[in-house]
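**Student:** Please read through the structure below; I'll follow up with questions.
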Amino acid sequence: MNFGDKVLFFFSALGAFNGLILSCYFFFFTAKKHLSNYLLGTLLLVLSLRIGKSVVYFFDPDLPKIYLQVGLTACFFIGPFLYFFLKSEIRQIRNLPKSWVGQLAFWSFSIVAVGAAYPYERFPSLWRHYIIPLIYLQWGIYIAFSVFLLIPLLKTIARKEVLKTFEKWVLTIFGGVVLLFVSYVWAILNITKGS
């Protein structure tokens with residue numbers, strides 16, 4: 001690894017590490033114990049796992065496939081936690097709705113069952129051609145649901161009205177997740193080399 005690669009690795013890994021630290025902050029140290037803080041902490045956790053896996057894999061393509069599977073499993077939860085965070089923040093939901101628990105249970109069971117029956121280590125072609133595209137499709141669908149939640153904020157921007165601080169925060173987080181989604185999809189479609 002040359003010096004440029006080391007610098008790139010350092011800053012990339014630092015980003016994933018910072019996400020883990022922020023995740024811990026929202027779980028344990030925030031003064032306000034709101035549902036949206038826990039959801040944001042979980043969103044940051046799954047993003048950090050996914051990004052961390054990508055960083056390590058970019059510099060070590062011989063990484064054991066179990067790490068790839070863990071990263072992709074985390075990726076499966078980015079969309080739901082983004083949507084739940086945005087909805088809880090915009091609509092000021094304070095208790096976890098049963099329907100959200102049901103969705104998370106369904107997604108957890110689905111990805112764990114598929115991962116156990118068809119581990120990435122033994123079925124990489126199945127993962128590359130079917131499971132990974134389904135993971136990104138699910139993420140994209142939750143992004144689309146999130147856009148519908150953000151329509152009132154987008155109308156506020158179109159009317160050139162001032163956004164509240166939390167609305168700017170929500171839009172920034174949404175924009176960051178969409179940027180990551182686009183970069184990963186471009187990598188899958190071979191528009192860019194690596195994610």
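All residue names refer to the structure tokens as shown: chains lettered A, B, ... in order, residues numbered from 1 in each chain, ligands numbered from 1 in order.
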Could you name the residues that touch stretch 174-181 of chain A at 8 Å or less, counting only C-alpha atoms, but leaving out those on the same chain fewer than 4 positions away, as a list in words?

**Tutor:**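 Contacts, in chain order: Leu82, Tyr136, Trp139, Gly140, Ile143, Val170 and Val185 of chain A.
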
**Student:** Produce a file of the selected residues containing N, CA and C atoms, as a tab-separated table (two decimals), in the first residue's frame.

**Tutor:**
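Here's the written file again_4.tsv:
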chain	number	residue	atom	x	y	z
A	82	LEU	N	-33.61	4.66	8.24
A	82	LEU	CA	-33.71	6.02	7.71
A	82	LEU	C	-35.17	6.47	7.75
A	136	TYR	N	-30.50	-3.65	-2.21
A	136	TYR	CA	-30.50	-2.27	-2.69
A	136	TYR	C	-31.88	-1.82	-3.17
A	139	TRP	N	-33.67	-0.90	0.01
A	139	TRP	CA	-33.15	0.39	0.46
A	139	TRP	C	-33.76	1.52	-0.38
A	140	GLY	N	-33.79	1.34	-1.68
A	140	GLY	CA	-34.35	2.35	-2.58
A	140	GLY	C	-35.83	2.59	-2.35
A	143	ILE	N	-36.15	4.73	0.61
A	143	ILE	CA	-35.79	6.11	0.26
A	143	ILE	C	-36.99	6.79	-0.41
A	170	VAL	N	-32.75	16.94	9.40
A	170	VAL	CA	-33.43	15.81	8.76
A	170	VAL	C	-33.04	15.75	7.28
A	185	VAL	N	-24.95	2.02	-5.59
A	185	VAL	CA	-25.62	1.54	-6.80
A	185	VAL	C	-24.73	1.73	-8.02

**Student:** Excluding stretch 37-48 of chain A and its own-chain neighbours fewer than 4 positions away, which residues fall within 6 Å of it when counting only C-alpha atoms? Please give them as JSON, numbers by chain.

**Tutor:** {"A": [16, 19, 20, 23, 26, 27, 52, 74, 81, 85]}

**Student:** I need the chosen residues saved as a PDB file, in the first residue's frame, with N, CA and C atoms.

**Tutor:**
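And here's out28.pdb as it stands now:
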ATOM      1  N   ALA A  16     -15.954   5.831   9.150  1.00  0.00           N
ATOM      2  CA  ALA A  16     -16.740   4.716   9.704  1.00  0.00           C
ATOM      3  C   ALA A  16     -16.636   4.692  11.223  1.00  0.00           C
ATOM      4  N   GLY A  19     -18.747   7.335  12.804  1.00  0.00           N
ATOM      5  CA  GLY A  19     -20.146   6.909  12.813  1.00  0.00           C
ATOM      6  C   GLY A  19     -20.456   6.011  13.997  1.00  0.00           C
ATOM      7  N   LEU A  20     -19.518   5.112  14.312  1.00  0.00           N
ATOM      8  CA  LEU A  20     -19.718   4.238  15.480  1.00  0.00           C
ATOM      9  C   LEU A  20     -19.741   5.045  16.778  1.00  0.00           C
ATOM     10  N   SER A  23     -22.947   6.892  16.970  1.00  0.00           N
ATOM     11  CA  SER A  23     -23.997   5.926  17.279  1.00  0.00           C
ATOM     12  C   SER A  23     -24.061   5.683  18.783  1.00  0.00           C
ATOM     13  N   PHE A  26     -25.647   8.675  20.560  1.00  0.00           N
ATOM     14  CA  PHE A  26     -27.109   8.734  20.488  1.00  0.00           C
ATOM     15  C   PHE A  26     -27.777   7.623  21.299  1.00  0.00           C
ATOM     16  N   PHE A  27     -27.107   6.507  21.473  1.00  0.00           N
ATOM     17  CA  PHE A  27     -27.663   5.436  22.303  1.00  0.00           C
ATOM     18  C   PHE A  27     -27.576   5.741  23.794  1.00  0.00           C
ATOM     19  N   GLY A  52     -17.657   0.652   6.797  1.00  0.00           N
ATOM     20  CA  GLY A  52     -16.429   0.026   7.285  1.00  0.00           C
ATOM     21  C   GLY A  52     -16.071  -1.215   6.502  1.00  0.00           C
ATOM     22  N   ALA A  74     -26.062  -5.458   7.371  1.00  0.00           N
ATOM     23  CA  ALA A  74     -26.266  -4.120   7.941  1.00  0.00           C
ATOM     24  C   ALA A  74     -26.927  -3.210   6.905  1.00  0.00           C
ATOM     25  N   PHE A  81     -34.313   2.042   8.861  1.00  0.00           N
ATOM     26  CA  PHE A  81     -33.979   2.958   9.949  1.00  0.00           C
ATOM     27  C   PHE A  81     -33.962   4.414   9.487  1.00  0.00           C
ATOM     28  N   PHE A  85     -36.483   6.893  11.330  1.00  0.00           N
ATOM     29  CA  PHE A  85     -35.923   8.090  11.953  1.00  0.00           C
ATOM     30  C   PHE A  85     -36.628   9.331  11.434  1.00  0.00           C
TER      31      PHE A  85
END

**Student:** When distances are computed from only C-alpha atoms, which of A:Val112, A:Leu96, A:Cys75, A:Leu63 shows the smallest separation from A:Leu49?

**Tutor:** A:Cys75

**Student:** Give the helix (DSSP H, G or I) residues of stretch 11-92 of chain A, as assigned by DSSP on the backbone, as a VMD selection string.

**Tutor:** chain A and resid 11 to 29 35 to 59 65 to 75 78 to 90

**Student:** Taking into account only C-alpha atoms, which residue in the set A:Ile188, A:Leu68, A:Ile93, A:Ile173 is nearest to A:Leu150?

**Tutor:**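 So, comparing all the options, the nearest one is A:Ile173.
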